[in-house]
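The structure appears below as structure tokens.
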Amino acid sequence: MRFTTYTDYSLRVLMYLARNTQETATITEMSDFFKISRNHLVKVVHHLGIIGYIETIRGRSGGIKLAKSPKEIKLGDVVRQTEPDVNLLECLTPKSNSCVIDKQCRLKGILALAQSDFIKNLNQYSLQQFAAPTGRQNDLFKMIPIRSN
């Protein structure tokens, strides 16, 4: 299994914003920091706002910030909401399942359980845990300038 770039960028945005929940950031700041397309980040930020992880503030000192505490944002939930299809096989998606051995296949149950366990395991971690400094470095994003409003 491999996450899409969209999920990767979503996680990066959330980690960036978690560094200081009192400050706002801009899409341009994040684009420059991560050296990724601003246009891609616009789509990611828009979606993260729709699903309730971030809020946008308009105006001169506006920007983007987390809408929830980093403790409340679970990794598995973010992956489930940003990945277009977390199903390991076609047969795990009832609407598009065309497998002719589906009714007799025991592999489907095993993979469904593994998929469920994968998301459950990811949900054991909050944004607070995976965006926090590790001890070797003082700050994962130490090069980010903190803006004063």
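A note on labels: chains of the structure tokens are A, B, ... as shown, every chain counts residues from 1, and ligands are counted from 1 in their shown order.
Around range 10-24 of chain A, within 6 Å and counting only C-alpha atoms, the residues found are A:Val44, A:Gly63, A:Ile64, A:Lys65, A:Ala131, once anything fewer than 4 positions away on its own chain is removed.
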Restrict the selected residues to N, CA, C and O atoms and save them as an mmCIF file, in the first residue's frame.
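Saved file selection.cif follows:
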```cif
data_model
loop_
_atom_site.group_PDB
_atom_site.id
_atom_site.type_symbol
_atom_site.label_atom_id
_atom_site.label_comp_id
_atom_site.auth_asym_id
_atom_site.auth_seq_id
_atom_site.Cartn_x
_atom_site.Cartn_y
_atom_site.Cartn_z
ATOM 1 N N VAL A 44 -5.411 20.919 -1.283
ATOM 2 C CA VAL A 44 -5.293 20.180 -0.023
ATOM 3 C C VAL A 44 -5.866 20.999 1.129
ATOM 4 O O VAL A 44 -6.666 20.499 1.929
ATOM 5 N N GLY A 63 -4.660 33.825 7.543
ATOM 6 C CA GLY A 63 -3.877 32.643 7.207
ATOM 7 C C GLY A 63 -4.664 31.391 7.539
ATOM 8 O O GLY A 63 -5.887 31.397 7.566
ATOM 9 N N ILE A 64 -3.930 30.349 7.826
ATOM 10 C CA ILE A 64 -4.515 29.041 8.087
ATOM 11 C C ILE A 64 -4.025 28.572 9.445
ATOM 12 O O ILE A 64 -2.853 28.762 9.796
ATOM 13 N N LYS A 65 -4.916 27.927 10.204
ATOM 14 C CA LYS A 65 -4.495 27.325 11.462
ATOM 15 C C LYS A 65 -5.365 26.108 11.729
ATOM 16 O O LYS A 65 -6.389 25.899 11.083
ATOM 17 N N ALA A 131 3.839 14.998 15.211
ATOM 18 C CA ALA A 131 4.395 16.285 14.787
ATOM 19 C C ALA A 131 5.331 16.867 15.845
ATOM 20 O O ALA A 131 5.970 17.876 15.610
#
```
Using DSSP on the backbone coordinates, identify the residues of chain A assigned to strand (DSSP E or B); present them as a ChimeraX atom specification. /A:25,54-57,63-66,74,126
Rank nothing, just name the residue among A:Thr5, A:Gln115, A:Ser31, A:Gln81 nearest to Gly52 in chain A, using only C-alpha atoms. A:Gln81
Need the shell around range 100-112 of chain A: protein/DNA/RNA residues with any atom at most 9 Å away, counting only C-alpha atoms. Skip same-chain ones fewer than 3 positions apart. Format as a PyMOL selection string? chain A and resi 87-89+91-92+97+115-117
May I have the residues from that selection written out with all heavy atoms, as a CSV table (one decimal), in the first residue's frame?
```csv
chain,number,residue,atom,x,y,z
A,87,ASN,N,-9.2,0.8,0.2
A,87,ASN,CA,-9.4,-0.6,0.0
A,87,ASN,C,-8.2,-1.3,-0.7
A,87,ASN,O,-7.7,-0.8,-1.7
A,87,ASN,CB,-10.7,-0.9,-0.7
A,87,ASN,CG,-11.9,-0.6,0.1
A,87,ASN,OD1,-11.9,-0.8,1.3
A,87,ASN,ND2,-12.9,-0.1,-0.5
A,88,LEU,N,-7.7,-2.4,-0.1
A,88,LEU,CA,-6.6,-3.1,-0.6
A,88,LEU,C,-6.9,-3.8,-2.0
A,88,LEU,O,-6.0,-3.9,-2.8
A,88,LEU,CB,-6.1,-4.1,0.4
A,88,LEU,CG,-5.6,-3.6,1.7
A,88,LEU,CD1,-5.3,-4.7,2.7
A,88,LEU,CD2,-4.3,-2.7,1.4
A,89,LEU,N,-8.1,-4.3,-2.1
A,89,LEU,CA,-8.5,-4.9,-3.4
A,89,LEU,C,-9.9,-4.5,-3.8
A,89,LEU,O,-10.7,-4.0,-3.0
A,89,LEU,CB,-8.6,-6.5,-3.2
A,89,LEU,CG,-7.3,-7.2,-2.9
A,89,LEU,CD1,-7.5,-8.7,-2.6
A,89,LEU,CD2,-6.4,-7.1,-4.1
A,91,CYS,N,-12.5,-6.2,-4.4
A,91,CYS,CA,-13.6,-6.9,-3.7
A,91,CYS,C,-14.0,-6.3,-2.4
A,91,CYS,O,-15.1,-6.6,-1.8
A,91,CYS,CB,-13.2,-8.4,-3.5
A,91,CYS,SG,-11.8,-8.7,-2.5
A,92,LEU,N,-13.2,-5.4,-1.8
A,92,LEU,CA,-13.5,-4.8,-0.6
A,92,LEU,C,-14.3,-3.5,-0.8
A,92,LEU,O,-14.7,-2.9,0.2
A,92,LEU,CB,-12.2,-4.5,0.2
A,92,LEU,CG,-11.4,-5.7,0.6
A,92,LEU,CD1,-10.1,-5.3,1.3
A,92,LEU,CD2,-12.2,-6.6,1.5
A,97,ASN,N,-17.3,-4.2,-7.0
A,97,ASN,CA,-16.8,-5.5,-6.9
A,97,ASN,C,-17.3,-6.4,-8.1
A,97,ASN,O,-18.5,-6.5,-8.2
A,97,ASN,CB,-17.2,-6.2,-5.6
A,97,ASN,CG,-16.6,-7.6,-5.4
A,97,ASN,OD1,-15.8,-8.0,-6.2
A,97,ASN,ND2,-17.1,-8.3,-4.4
A,115,GLN,N,-6.9,-4.5,6.7
A,115,GLN,CA,-7.2,-3.1,6.3
A,115,GLN,C,-7.8,-2.4,7.5
A,115,GLN,O,-7.4,-1.3,7.9
A,115,GLN,CB,-8.2,-3.1,5.2
A,115,GLN,CG,-8.6,-1.7,4.7
A,115,GLN,CD,-9.5,-1.9,3.5
A,115,GLN,OE1,-9.2,-2.4,2.5
A,115,GLN,NE2,-10.8,-1.4,3.7
A,116,SER,N,-8.7,-3.0,8.2
A,116,SER,CA,-9.4,-2.4,9.4
A,116,SER,C,-8.3,-2.2,10.5
A,116,SER,O,-8.3,-1.2,11.2
A,116,SER,CB,-10.5,-3.3,9.9
A,116,SER,OG,-11.0,-2.9,11.1
A,117,ASP,N,-7.5,-3.2,10.7
A,117,ASP,CA,-6.4,-3.1,11.7
A,117,ASP,C,-5.4,-2.0,11.4
A,117,ASP,O,-4.9,-1.3,12.3
A,117,ASP,CB,-5.7,-4.4,11.9
A,117,ASP,CG,-6.5,-5.5,12.6
A,117,ASP,OD1,-7.6,-5.1,13.2
A,117,ASP,OD2,-6.1,-6.7,12.6
```
Between CA of Pro94 in chain A and CA of Lys43 in chain A lies a distance of 28.4 Å
